>>> print(open('run_23.txt').read())   # compact mmCIF, C-alpha atoms and all ligand atoms
# COMPACT_ATOMS: atom_id res chain seq x y z
CA MET A 1 -11.39 -3.24 14.14
CA GLU A 2 -11.70 -4.76 10.67
CA ARG A 3 -8.68 -4.19 8.48
CA HIS A 4 -9.08 -1.78 5.57
CA TRP A 5 -7.25 -3.00 2.43
CA LYS A 6 -5.60 -0.46 0.16
CA ILE A 7 -5.22 -1.17 -3.55
CA GLY A 8 -2.76 0.28 -6.03
CA LEU A 9 -4.42 0.11 -9.46
CA PHE A 10 -2.44 0.19 -12.71
CA GLY A 11 -4.53 1.15 -15.75
CA PHE A 12 -7.88 2.88 -15.98
CA GLY A 13 -9.26 1.42 -19.20
CA THR A 14 -12.22 -0.94 -19.44
CA VAL A 15 -11.07 -3.36 -16.71
CA GLY A 16 -9.68 -0.70 -14.34
CA GLN A 17 -12.81 1.43 -14.56
CA GLY A 18 -15.10 -1.58 -14.09
CA PHE A 19 -13.17 -2.63 -10.98
CA TYR A 20 -13.18 0.93 -9.61
CA GLN A 21 -16.95 1.27 -10.12
CA ILE A 22 -17.65 -2.01 -8.31
CA ILE A 23 -15.40 -1.01 -5.38
CA GLN A 24 -17.32 2.30 -5.11
CA GLU A 25 -20.68 0.49 -5.12
CA GLN A 26 -19.90 -2.42 -2.81
CA LYS A 27 -19.56 -1.94 0.93
CA LEU A 28 -16.27 -3.77 1.30
CA PRO A 29 -13.27 -2.92 3.48
CA ILE A 30 -11.33 -2.24 0.28
CA GLU A 31 -10.23 1.13 -1.07
CA VAL A 32 -8.49 2.15 -4.30
CA ARG A 33 -5.72 4.33 -2.90
CA ARG A 34 -3.86 5.26 -6.09
CA ILE A 35 -4.31 4.75 -9.86
CA CYS A 36 -1.33 4.83 -12.19
CA VAL A 37 -2.03 5.80 -15.82
CA ARG A 38 0.18 6.68 -18.77
CA ASN A 39 -1.37 9.73 -20.39
CA PRO A 40 -1.63 12.86 -18.18
CA ASN A 41 -3.70 14.70 -20.83
CA LYS A 42 -6.69 12.37 -20.85
CA GLU A 43 -9.93 13.21 -18.97
CA ARG A 44 -10.79 10.41 -16.52
CA PRO A 45 -13.98 9.64 -14.62
CA GLY A 46 -12.42 9.55 -11.15
CA PRO A 47 -11.09 11.92 -8.45
CA PRO A 48 -7.99 13.66 -9.93
CA GLU A 49 -6.04 13.27 -6.65
CA LEU A 50 -6.08 9.47 -7.07
CA PHE A 51 -4.11 9.55 -10.32
CA THR A 52 -0.35 9.34 -10.72
CA TYR A 53 1.87 8.88 -13.79
CA ASN A 54 4.74 7.31 -11.87
CA ALA A 55 4.56 3.58 -11.08
CA HIS A 56 6.79 4.04 -8.04
CA ASP A 57 4.22 6.28 -6.35
CA ILE A 58 2.30 3.02 -5.97
CA LEU A 59 5.03 0.39 -5.70
CA GLU A 60 6.91 2.35 -3.00
CA ASP A 61 3.84 3.44 -1.03
CA PRO A 62 4.10 1.55 2.30
CA GLU A 63 0.34 1.91 2.81
CA ILE A 64 -0.55 -0.12 -0.27
CA ASP A 65 -1.39 -3.79 0.42
CA LEU A 66 -2.27 -5.18 -3.00
CA ILE A 67 -1.71 -4.46 -6.68
CA VAL A 68 -4.22 -4.70 -9.53
CA GLU A 69 -2.49 -4.60 -12.91
CA ALA A 70 -4.82 -3.88 -15.85
CA ILE A 71 -2.78 -2.03 -18.48
CA SER A 72 -2.68 -2.84 -22.17
CA GLU A 73 1.10 -2.73 -22.85
CA THR A 74 2.76 -6.13 -22.47
CA GLU A 75 6.31 -5.42 -21.27
CA PRO A 76 5.37 -2.57 -18.88
CA ALA A 77 2.71 -4.93 -17.40
CA PHE A 78 5.40 -7.59 -16.87
CA GLU A 79 7.70 -5.08 -15.15
CA ILE A 80 4.91 -3.96 -12.80
CA VAL A 81 3.88 -7.49 -11.80
CA LYS A 82 7.52 -8.54 -11.41
CA GLU A 83 8.37 -5.58 -9.22
CA ALA A 84 5.21 -6.01 -7.14
CA LEU A 85 6.16 -9.63 -6.36
CA GLN A 86 9.77 -8.61 -5.64
CA ARG A 87 8.36 -6.14 -3.11
CA TRP A 88 6.14 -8.88 -1.55
CA LEU A 89 2.96 -7.18 -2.79
CA PRO A 90 0.21 -9.68 -3.78
CA VAL A 91 -0.92 -8.94 -7.31
CA THR A 92 -3.68 -9.75 -9.78
CA SER A 93 -3.13 -9.20 -13.48
CA ALA A 94 -5.58 -9.00 -16.39
CA SER A 95 -2.84 -8.88 -19.08
CA LYS A 96 -3.38 -12.01 -21.16
CA LYS A 97 -0.54 -11.59 -23.61
CA MET A 98 1.96 -10.72 -20.89
CA LEU A 99 0.88 -13.75 -18.84
CA ALA A 100 0.98 -16.15 -21.79
CA LEU A 101 4.54 -15.02 -22.53
CA HIS A 102 5.91 -14.68 -18.99
CA LEU A 103 3.95 -17.02 -16.72
CA PRO A 104 6.87 -19.39 -15.87
CA GLU A 105 9.07 -16.47 -14.69
CA LEU A 106 6.24 -14.99 -12.63
CA LEU A 107 5.40 -18.32 -11.02
CA ALA A 108 9.06 -18.80 -10.09
CA LEU A 109 9.02 -15.35 -8.52
CA GLN A 110 5.78 -16.15 -6.68
CA GLN A 111 7.49 -19.20 -5.18
CA GLU A 112 10.71 -17.37 -4.37
CA THR A 113 8.96 -14.46 -2.65
CA ASN A 114 6.08 -16.52 -1.26
CA THR A 115 3.75 -13.77 -2.50
CA ALA A 116 0.38 -14.64 -4.04
CA PHE A 117 -0.35 -13.88 -7.67
CA ARG A 118 -3.61 -14.48 -9.60
CA TYR A 119 -5.08 -13.66 -13.03
CA GLU A 120 -8.72 -14.77 -13.25
CA ALA A 121 -9.82 -11.75 -15.33
CA ALA A 122 -7.29 -12.68 -18.02
CA VAL A 123 -9.28 -15.76 -19.10
CA ALA A 124 -12.96 -15.86 -20.10
CA GLY A 125 -14.00 -12.64 -18.31
CA ALA A 126 -16.45 -13.31 -15.51
CA ILE A 127 -16.30 -17.13 -15.68
CA PRO A 128 -14.17 -18.29 -12.71
CA ILE A 129 -12.67 -21.03 -14.88
CA LEU A 130 -9.10 -20.97 -13.53
CA HIS A 131 -10.44 -21.13 -10.00
CA LEU A 132 -12.61 -24.12 -10.98
CA LEU A 133 -9.79 -25.93 -12.77
CA ASP A 134 -7.56 -25.24 -9.79
CA GLU A 135 -9.65 -27.58 -7.66
CA PRO A 136 -7.95 -30.97 -7.42
CA LEU A 137 -10.21 -32.87 -9.83
CA HIS A 138 -9.82 -36.58 -9.32
CA GLU A 139 -9.99 -37.33 -13.01
CA PRO A 140 -7.97 -36.07 -15.97
CA VAL A 141 -9.17 -33.43 -18.41
CA GLU A 142 -9.25 -35.00 -21.88
CA GLU A 143 -10.16 -31.98 -23.99
CA ILE A 144 -11.18 -28.33 -23.79
CA ARG A 145 -13.26 -26.55 -26.41
CA ALA A 146 -13.87 -22.89 -25.72
CA ILE A 147 -15.13 -19.56 -26.97
CA LEU A 148 -12.62 -17.24 -25.35
CA ASN A 149 -13.01 -13.93 -27.16
CA GLY A 150 -16.09 -11.77 -26.59
CA THR A 151 -15.35 -9.37 -29.44
CA THR A 152 -15.28 -12.01 -32.19
CA ASN A 153 -18.29 -13.85 -30.77
CA TYR A 154 -20.19 -10.55 -30.72
CA ILE A 155 -19.13 -9.77 -34.32
CA LEU A 156 -20.11 -13.23 -35.60
CA THR A 157 -23.46 -13.02 -33.78
CA GLN A 158 -24.33 -9.56 -35.17
CA MET A 159 -23.26 -10.45 -38.71
CA ARG A 160 -25.62 -13.41 -38.60
CA LEU A 161 -28.56 -11.90 -36.65
CA GLN A 162 -28.54 -8.29 -37.85
CA HIS A 163 -26.69 -8.75 -41.17
CA TRP A 164 -24.21 -6.08 -40.03
CA SER A 165 -20.99 -5.75 -41.96
CA TYR A 166 -17.84 -7.03 -40.27
CA GLU A 167 -16.54 -3.44 -39.96
CA HIS A 168 -19.74 -2.15 -38.35
CA ALA A 169 -19.89 -5.05 -35.89
CA LEU A 170 -16.25 -4.47 -34.93
CA ARG A 171 -16.88 -0.74 -34.37
CA GLU A 172 -19.79 -1.61 -32.06
CA ALA A 173 -17.65 -4.13 -30.16
CA GLN A 174 -15.09 -1.34 -29.67
CA ARG A 175 -17.74 1.15 -28.57
CA LEU A 176 -19.08 -1.34 -26.01
CA GLY A 177 -15.60 -1.82 -24.53
CA PHE A 178 -15.24 -5.47 -25.59
CA ALA A 179 -12.27 -5.10 -27.96
CA GLU A 180 -8.61 -4.68 -27.04
CA ALA A 181 -6.88 -1.31 -27.53
CA ASN A 182 -5.58 -2.87 -30.75
CA PRO A 183 -8.49 -5.04 -31.95
CA ALA A 184 -6.22 -6.99 -34.33
CA SER A 185 -5.44 -9.15 -31.30
CA ASP A 186 -9.13 -10.07 -31.06
CA VAL A 187 -10.02 -10.56 -34.72
CA ASP A 188 -6.79 -12.38 -35.66
CA GLY A 189 -7.31 -14.95 -32.91
CA TRP A 190 -4.34 -14.00 -30.69
CA ASP A 191 -6.34 -12.85 -27.68
CA ALA A 192 -8.06 -16.27 -27.60
CA CYS A 193 -4.67 -17.93 -28.11
CA TYR A 194 -3.17 -16.20 -25.03
CA LYS A 195 -6.14 -17.30 -22.94
CA LEU A 196 -5.80 -20.85 -24.28
CA CYS A 197 -2.14 -20.90 -23.13
CA LEU A 198 -3.23 -20.00 -19.59
CA LEU A 199 -5.96 -22.66 -19.66
CA ALA A 200 -3.39 -25.27 -20.74
CA ARG A 201 -1.41 -24.66 -17.58
CA HIS A 202 -4.43 -25.01 -15.31
CA ALA A 203 -6.27 -27.84 -17.11
CA PHE A 204 -3.30 -29.99 -18.15
CA GLY A 205 -0.32 -28.66 -16.15
CA LYS A 206 1.43 -27.90 -19.47
CA ILE A 207 3.46 -24.88 -20.43
CA LEU A 208 2.09 -23.76 -23.78
CA GLN A 209 3.59 -20.79 -25.63
CA PRO A 210 1.52 -18.77 -28.14
CA SER A 211 3.87 -19.97 -30.92
CA ASP A 212 2.84 -23.59 -30.11
CA VAL A 213 -0.79 -22.83 -31.08
CA GLU A 214 -2.23 -23.01 -34.60
CA VAL A 215 -4.04 -19.65 -34.86
CA GLN A 216 -6.56 -18.40 -37.40
CA GLY A 217 -8.85 -15.44 -36.76
CA ILE A 218 -12.03 -14.13 -38.36
CA SER A 219 -10.75 -11.00 -40.12
CA ASP A 220 -10.45 -12.85 -43.47
CA LEU A 221 -13.54 -14.98 -43.02
CA PRO A 222 -15.77 -14.65 -46.11
CA VAL A 223 -19.34 -13.54 -45.32
CA SER A 224 -20.46 -16.32 -47.68
CA LEU A 225 -19.06 -18.88 -45.22
CA ILE A 226 -21.16 -17.48 -42.38
CA GLU A 227 -24.22 -17.50 -44.65
CA ALA A 228 -23.54 -21.05 -45.88
CA ALA A 229 -23.28 -22.27 -42.27
CA GLN A 230 -26.55 -20.54 -41.47
CA GLN A 231 -28.30 -22.16 -44.43
CA GLN A 232 -27.26 -25.53 -43.03
CA GLY A 233 -28.61 -24.60 -39.61
CA GLN A 234 -25.10 -24.04 -38.20
CA ARG A 235 -23.31 -21.09 -36.57
CA VAL A 236 -19.68 -20.04 -36.92
CA ARG A 237 -17.70 -19.75 -33.68
CA LEU A 238 -14.05 -18.86 -33.07
CA LEU A 239 -13.11 -22.03 -31.22
CA GLY A 240 -10.10 -22.64 -29.02
CA ARG A 241 -9.21 -26.31 -28.57
CA LEU A 242 -6.81 -28.17 -26.31
CA LYS A 243 -6.53 -31.94 -26.61
CA LEU A 244 -4.07 -34.45 -25.24
CA VAL A 245 -2.99 -36.87 -27.96
CA ASN A 246 -0.43 -39.50 -26.89
CA GLY A 247 0.73 -37.24 -24.08
CA GLN A 248 1.20 -34.24 -26.38
CA LEU A 249 -1.07 -31.22 -26.18
CA GLU A 250 -2.61 -30.20 -29.50
CA ALA A 251 -3.73 -26.55 -29.45
CA SER A 252 -5.59 -24.44 -31.98
CA VAL A 253 -7.79 -21.36 -32.36
CA LYS A 254 -9.87 -21.22 -35.54
CA PRO A 255 -13.35 -20.51 -36.87
CA GLU A 256 -15.58 -23.57 -36.99
CA ALA A 257 -19.23 -24.15 -37.83
CA VAL A 258 -21.18 -25.84 -35.02
CA GLY A 259 -24.64 -27.39 -35.21
CA PRO A 260 -27.60 -27.20 -32.80
CA GLU A 261 -26.49 -30.42 -31.06
CA ASP A 262 -23.28 -28.64 -29.95
CA ALA A 263 -23.33 -26.94 -26.51
CA LEU A 264 -21.48 -23.97 -28.03
CA PHE A 265 -24.24 -23.31 -30.60
CA GLY A 266 -26.26 -21.14 -28.18
CA ILE A 267 -23.32 -19.03 -26.94
CA GLU A 268 -24.13 -15.63 -28.45
CA HIS A 269 -22.97 -11.98 -28.30
CA GLU A 270 -20.03 -11.31 -25.96
CA LEU A 271 -20.59 -14.51 -23.99
CA ASN A 272 -17.68 -16.88 -23.54
CA ALA A 273 -17.91 -20.60 -22.81
CA VAL A 274 -15.48 -23.29 -21.75
CA GLN A 275 -16.45 -26.91 -22.32
CA VAL A 276 -14.31 -29.25 -20.24
CA ASP A 277 -14.36 -32.93 -21.20
CA LEU A 278 -13.44 -35.07 -18.19
CA ARG A 279 -12.37 -38.72 -18.49
CA TYR A 280 -15.13 -40.13 -16.25
CA SER A 281 -17.74 -37.37 -15.83
CA GLY A 282 -17.89 -36.38 -19.48
CA LYS A 283 -18.55 -32.85 -20.70
CA GLN A 284 -19.22 -29.85 -18.46
CA LEU A 285 -19.99 -26.37 -19.78
CA PHE A 286 -19.15 -23.10 -18.05
CA THR A 287 -20.50 -19.94 -19.60
CA GLY A 288 -20.81 -16.22 -18.82
CA LYS A 289 -19.85 -12.74 -20.01
CA GLY A 290 -16.39 -12.77 -21.50
CA ALA A 291 -15.79 -9.05 -22.01
CA GLY A 292 -16.95 -5.65 -20.78
CA ALA A 293 -16.07 -3.40 -17.84
CA LEU A 294 -18.27 -4.84 -15.08
CA PRO A 295 -17.87 -8.59 -15.77
CA THR A 296 -14.07 -8.28 -15.96
CA GLY A 297 -14.00 -5.80 -13.05
CA ALA A 298 -15.98 -8.32 -10.96
CA SER A 299 -13.48 -11.01 -11.86
CA VAL A 300 -10.62 -8.77 -10.65
CA LEU A 301 -12.49 -8.20 -7.39
CA ALA A 302 -12.88 -11.98 -6.91
CA ASP A 303 -9.08 -12.26 -7.20
CA VAL A 304 -8.53 -9.38 -4.77
CA LEU A 305 -10.72 -11.16 -2.19
CA LYS A 306 -8.71 -14.36 -2.66
CA LEU A 307 -5.44 -12.44 -2.35
CA ILE A 308 -6.68 -10.92 0.91
CA GLU A 309 -7.11 -14.51 2.14
CA GLY A 310 -3.52 -15.16 0.99
CA LYS A 311 -4.65 -17.64 -1.67
CA ALA A 312 -2.54 -18.27 -4.76
CA TYR A 313 -3.50 -20.88 -7.38
CA ALA A 314 -2.58 -24.43 -6.36
CA TYR A 315 -1.78 -25.85 -9.86
CA PRO A 316 -2.90 -29.36 -8.86
CA LYS A 317 -2.09 -30.81 -12.32
CA GLU A 318 1.55 -29.68 -12.28
CA ALA A 319 3.09 -32.63 -10.44
CA LYS A 320 1.72 -35.11 -12.95
CA SER A 321 2.75 -33.42 -16.18
CA PRO A 322 5.13 -30.49 -15.79
CA LYS A 323 6.67 -31.04 -19.25
CA LYS A 324 6.87 -28.36 -21.90
CA VAL A 325 4.62 -29.03 -24.86
CA ALA A 326 6.43 -29.98 -28.07
CA ALA A 327 6.48 -27.19 -30.68
N1 LIG B 401 -10.95 -8.19 -25.93
C1 LIG B 401 -11.30 -9.23 -25.03
C2 LIG B 401 -12.47 -9.99 -25.61
C3 LIG B 401 -11.64 -8.64 -23.69
O1 LIG B 401 -13.11 -9.49 -26.53
O2 LIG B 401 -12.73 -11.10 -25.18
C4 LIG B 401 -11.77 -9.65 -22.58
O3 LIG B 401 -10.58 -10.38 -22.39
>>> encode(input="run_23.txt", output="structure tokens", more="lines below")
Ligand code: HSE
Amino acid sequence: MERHWKIGLFGFGTVGQGFYQIIQEQKLPIEVRRICVRNPNKERPGPPELFTYNAHDILEDPEIDLIVEAISETEPAFEIVKEALQRWLPVTSASKKMLALHLPELLALQQETNTAFRYEAAVAGAIPILHLLDEPLHEPVEEIRAILNGTTNYILTQMRLQHWSYEHALREAQRLGFAEANPASDVDGWDACYKLCLLARHAFGKILQPSDVEVQGISDLPVSLIEAAQQQGQRVRLLGRLKLVNGQLEASVKPEAVGPEDALFGIEHELNAVQVDLRYSGKQLFTGKGAGALPTGASVLADVLKLIEGKAYAYPKEAKSPKKVAA
């Protein structure tokens, strides 16, 4: 008989609910057995008997095979993922900030416990970019340019197309479930920065800390700048960049105007895009939905299926350049 996989889910916000909905709709041998949430007083669209407020109801349940961590608090997320690995439970995490800050410790734990750990939903939503970069490319990555935050791309698009105010566009991005619980992380560029740190590890084999990245968001961006770009036939994007210069990784997140000749010009609304410049093949563009319940939930499911196969990331670039990036 086919094995039935039982998931312990942490968090029932945008990502958790998207994942849960997809599991209900798909005919897969996968079941969400328990959901751990923080607030017992909140109404939730799911069977009440699934919910618990105690992490150990999941972590100590011998029936649970896999953990999905999708909570918004950084240190509690770290504790959950750490304890899951210590208990030999494969785990997927969507917590970008936590991963950007704690990835080296978690990878050491993955190795020590020989327990698989993935985090595809943490970077560029539905685009399987970490999975793609994890393939052993036979040529070096020279540069990455990327739109990594759906909220800011949506805001910039609506300000230009609909002439919405920044505040109105942000409220809509929150209503649509694109923004973080604290949207300052989106609009100040930090969410994109955390994702850029994770990309650095997979594209260049470099450990990049958020403090190594030059970060500027869009919250102070004058409307006149967006209008001036438009008058010149350009569009403003919040761009993340990674570039190797003399063996050192330069990293930044900042608003930039791009023209119609640029592949990132047509990336609108909550779409994300990652342009990878390879030494011999040149530029390749990967694009797709970067935020929202179902795209990120689908990305979590892709990780769960890989974890069922026992597949962790291979980090093929590590051996060549495992050095820490200079601050
Ligand atoms: N707040 C994030 C964004 C969600 O807008 O891109 C997906 O990581």
>>> residues_near_ligand(input="run_23.txt", ligand="ligand LIG 401 (chain B)", cutoff="7 Å", atoms="only C-alpha atoms and all ligand atoms", output="list in words")
Ala122, Val123, Ala124, Gly125, Leu148, Asn149, Gly150, Thr151, Thr152, Phe178, Ala179, Glu180, Asp186, Asp191, Gly290, Ala291 and Gly292 of chain A
>>> closest_residue(input="run_23.txt", among="A:Gly11, A:Pro316, A:His131, A:Lys311", to="A:Phe117", atoms="all atoms listed in the file")
A:Lys311
>>> closest_atom_pairs(input="run_23.txt", of="stretch 105-147 of chain A", to="stretch 61-73 of chain A", cutoff="12 Å", atoms="all atoms listed in the file", output="JSON lines")
{"residue": "A:Thr115", "atom": "CA", "partner": "A:Leu66", "partner_atom": "CA", "distance": 10.5}
{"residue": "A:Ala116", "atom": "CA", "partner": "A:Leu66", "partner_atom": "CA", "distance": 9.9}
{"residue": "A:Phe117", "atom": "CA", "partner": "A:Ile67", "partner_atom": "CA", "distance": 9.6}
{"residue": "A:Arg118", "atom": "CA", "partner": "A:Val68", "partner_atom": "CA", "distance": 9.8}
{"residue": "A:Tyr119", "atom": "CA", "partner": "A:Glu69", "partner_atom": "CA", "distance": 9.4}
{"residue": "A:Glu120", "atom": "CA", "partner": "A:Val68", "partner_atom": "CA", "distance": 11.6}
{"residue": "A:Ala121", "atom": "CA", "partner": "A:Ala70", "partner_atom": "CA", "distance": 9.3}
{"residue": "A:Ala122", "atom": "CA", "partner": "A:Ala70", "partner_atom": "CA", "distance": 9.4}
>>> atom_distance(input="run_23.txt", atom1="atom CA of A:Val37", atom2="atom CA of A:Ala302")
22.7 Å
>>> atom_distance(input="run_23.txt", atom1="atom CA of A:Leu198", atom2="atom CA of A:Leu130")
8.5 Å
>>> atom_distance(input="run_23.txt", atom1="atom CA of A:Glu60", atom2="atom CA of A:Gly8")
10.3 Å
>>> closest_residue(input="run_23.txt", among="A:Pro140, A:Gly259, A:Pro222, A:Pro128", to="A:Leu156", atoms="only C-alpha atoms")
A:Pro222
>>> residues_around(input="run_23.txt", residues="A:Leu132", least_positions_apart="2", cutoff="12 Å", atoms="all atoms listed in the file", output="ChimeraX atom specification")
/A:120,127-130,134-137,199,202-203,274,276,284-286,313-316
>>> closest_residue(input="run_23.txt", among="A:Gln230, A:Asn114, A:Ser93, A:Ser165", to="A:Phe78", atoms="only C-alpha atoms")
A:Ser93
>>> closest_residue(input="run_23.txt", among="A:Val245, A:Ala228, A:Leu305, A:Ala126", to="A:Val15", atoms="only C-alpha atoms")
A:Ala126
>>> closest_residue(input="run_23.txt", among="A:Leu307, A:Glu167, A:Gly18, A:Thr287", to="A:Val223", atoms="all atoms listed in the file")
A:Glu167
>>> closest_residue(input="run_23.txt", among="A:Glu268, A:Glu256, A:Asp277, A:Glu43", to="A:Leu242", atoms="all atoms listed in the file")
A:Asp277
>>> residues_around(input="run_23.txt", residues="A:Gln231", least_positions_apart="5", cutoff="12 Å", atoms="all atoms listed in the file", output="list in words")
Arg160, Ser224, Leu225, Ile226, Val236, Ala257 and Gly259 of chain A
>>> residues_around(input="run_23.txt", residues="A:Glu142", least_positions_apart="6", cutoff="12 Å", atoms="all atoms listed in the file", output="number ranges by chain")
A: 200, 203-204, 241-250, 275-284
>>> write_last_selection(input="run_23.txt", atoms="C-alpha atoms", output="PDB file, keeping the file's coordinate frame")
ATOM      1  CA  ALA A 200      -3.390 -25.270 -20.740  1.00  0.00           C
ATOM      2  CA  ALA A 203      -6.270 -27.840 -17.110  1.00  0.00           C
ATOM      3  CA  PHE A 204      -3.300 -29.990 -18.150  1.00  0.00           C
ATOM      4  CA  ARG A 241      -9.210 -26.310 -28.570  1.00  0.00           C
ATOM      5  CA  LEU A 242      -6.810 -28.170 -26.310  1.00  0.00           C
ATOM      6  CA  LYS A 243      -6.530 -31.940 -26.610  1.00  0.00           C
ATOM      7  CA  LEU A 244      -4.070 -34.450 -25.240  1.00  0.00           C
ATOM      8  CA  VAL A 245      -2.990 -36.870 -27.960  1.00  0.00           C
ATOM      9  CA  ASN A 246      -0.430 -39.500 -26.890  1.00  0.00           C
ATOM     10  CA  GLY A 247       0.730 -37.240 -24.080  1.00  0.00           C
ATOM     11  CA  GLN A 248       1.200 -34.240 -26.380  1.00  0.00           C
ATOM     12  CA  LEU A 249      -1.070 -31.220 -26.180  1.00  0.00           C
ATOM     13  CA  GLU A 250      -2.610 -30.200 -29.500  1.00  0.00           C
ATOM     14  CA  GLN A 275     -16.450 -26.910 -22.320  1.00  0.00           C
ATOM     15  CA  VAL A 276     -14.310 -29.250 -20.240  1.00  0.00           C
ATOM     16  CA  ASP A 277     -14.360 -32.930 -21.200  1.00  0.00           C
ATOM     17  CA  LEU A 278     -13.440 -35.070 -18.190  1.00  0.00           C
ATOM     18  CA  ARG A 279     -12.370 -38.720 -18.490  1.00  0.00           C
ATOM     19  CA  TYR A 280     -15.130 -40.130 -16.250  1.00  0.00           C
ATOM     20  CA  SER A 281     -17.740 -37.370 -15.830  1.00  0.00           C
ATOM     21  CA  GLY A 282     -17.890 -36.380 -19.480  1.00  0.00           C
ATOM     22  CA  LYS A 283     -18.550 -32.850 -20.700  1.00  0.00           C
ATOM     23  CA  GLN A 284     -19.220 -29.850 -18.460  1.00  0.00           C
TER      24      GLN A 284
END
>>> residues_around(input="run_23.txt", residues="A:Lys254", least_positions_apart="6", cutoff="10 Å", atoms="all atoms listed in the file", output="list in words")
Asp188, Gly189, Ala192, Cys193, Glu214, Val215, Gln216, Gly217, Ile218, Val236, Arg237, Leu238, Leu239, Gly240 and Arg241 of chain A
>>> build_atoms(input="run_23.txt", residues="stretch 235-240 of chain A", atoms="all heavy atoms", output="PDB file, keeping the file's coordinate frame")
ATOM      1  N   ARG A 235     -23.822 -22.418 -36.919  1.00  0.00           N
ATOM      2  CA  ARG A 235     -23.310 -21.090 -36.570  1.00  0.00           C
ATOM      3  C   ARG A 235     -21.785 -21.154 -36.488  1.00  0.00           C
ATOM      4  O   ARG A 235     -21.242 -22.132 -35.963  1.00  0.00           O
ATOM      5  CB  ARG A 235     -23.856 -20.639 -35.214  1.00  0.00           C
ATOM      6  CG  ARG A 235     -25.348 -20.402 -35.279  1.00  0.00           C
ATOM      7  CD  ARG A 235     -25.931 -20.097 -33.916  1.00  0.00           C
ATOM      8  NE  ARG A 235     -27.383 -20.024 -34.045  1.00  0.00           N
ATOM      9  CZ  ARG A 235     -28.210 -19.960 -33.020  1.00  0.00           C
ATOM     10  NH1 ARG A 235     -27.736 -19.945 -31.784  1.00  0.00           N
ATOM     11  NH2 ARG A 235     -29.510 -19.902 -33.221  1.00  0.00           N
ATOM     12  N   VAL A 236     -21.144 -20.068 -36.954  1.00  0.00           N
ATOM     13  CA  VAL A 236     -19.680 -20.040 -36.920  1.00  0.00           C
ATOM     14  C   VAL A 236     -19.227 -19.477 -35.573  1.00  0.00           C
ATOM     15  O   VAL A 236     -19.731 -18.452 -35.112  1.00  0.00           O
ATOM     16  CB  VAL A 236     -19.112 -19.207 -38.081  1.00  0.00           C
ATOM     17  CG1 VAL A 236     -17.585 -19.149 -38.004  1.00  0.00           C
ATOM     18  CG2 VAL A 236     -19.566 -19.772 -39.418  1.00  0.00           C
ATOM     19  N   ARG A 237     -18.297 -20.167 -34.952  1.00  0.00           N
ATOM     20  CA  ARG A 237     -17.700 -19.750 -33.680  1.00  0.00           C
ATOM     21  C   ARG A 237     -16.179 -19.728 -33.839  1.00  0.00           C
ATOM     22  O   ARG A 237     -15.625 -20.579 -34.541  1.00  0.00           O
ATOM     23  CB  ARG A 237     -18.041 -20.749 -32.566  1.00  0.00           C
ATOM     24  CG  ARG A 237     -19.528 -20.977 -32.355  1.00  0.00           C
ATOM     25  CD  ARG A 237     -20.099 -19.807 -31.610  1.00  0.00           C
ATOM     26  NE  ARG A 237     -21.506 -19.928 -31.339  1.00  0.00           N
ATOM     27  CZ  ARG A 237     -22.393 -19.003 -31.706  1.00  0.00           C
ATOM     28  NH1 ARG A 237     -22.022 -17.938 -32.367  1.00  0.00           N
ATOM     29  NH2 ARG A 237     -23.657 -19.136 -31.395  1.00  0.00           N
ATOM     30  N   LEU A 238     -15.521 -18.796 -33.122  1.00  0.00           N
ATOM     31  CA  LEU A 238     -14.050 -18.860 -33.070  1.00  0.00           C
ATOM     32  C   LEU A 238     -13.707 -19.774 -31.905  1.00  0.00           C
ATOM     33  O   LEU A 238     -13.834 -19.403 -30.737  1.00  0.00           O
ATOM     34  CB  LEU A 238     -13.446 -17.461 -32.876  1.00  0.00           C
ATOM     35  CG  LEU A 238     -11.918 -17.443 -32.902  1.00  0.00           C
ATOM     36  CD1 LEU A 238     -11.376 -17.847 -34.274  1.00  0.00           C
ATOM     37  CD2 LEU A 238     -11.372 -16.066 -32.530  1.00  0.00           C
ATOM     38  N   LEU A 239     -13.282 -20.992 -32.246  1.00  0.00           N
ATOM     39  CA  LEU A 239     -13.110 -22.030 -31.220  1.00  0.00           C
ATOM     40  C   LEU A 239     -11.656 -22.246 -30.826  1.00  0.00           C
ATOM     41  O   LEU A 239     -10.788 -22.429 -31.685  1.00  0.00           O
ATOM     42  CB  LEU A 239     -13.626 -23.359 -31.747  1.00  0.00           C
ATOM     43  CG  LEU A 239     -15.096 -23.675 -31.593  1.00  0.00           C
ATOM     44  CD1 LEU A 239     -15.324 -25.170 -31.781  1.00  0.00           C
ATOM     45  CD2 LEU A 239     -15.597 -23.280 -30.222  1.00  0.00           C
ATOM     46  N   GLY A 240     -11.403 -22.233 -29.532  1.00  0.00           N
ATOM     47  CA  GLY A 240     -10.100 -22.640 -29.020  1.00  0.00           C
ATOM     48  C   GLY A 240     -10.205 -24.094 -28.583  1.00  0.00           C
ATOM     49  O   GLY A 240     -11.207 -24.497 -27.984  1.00  0.00           O
TER      50      GLY A 240
END
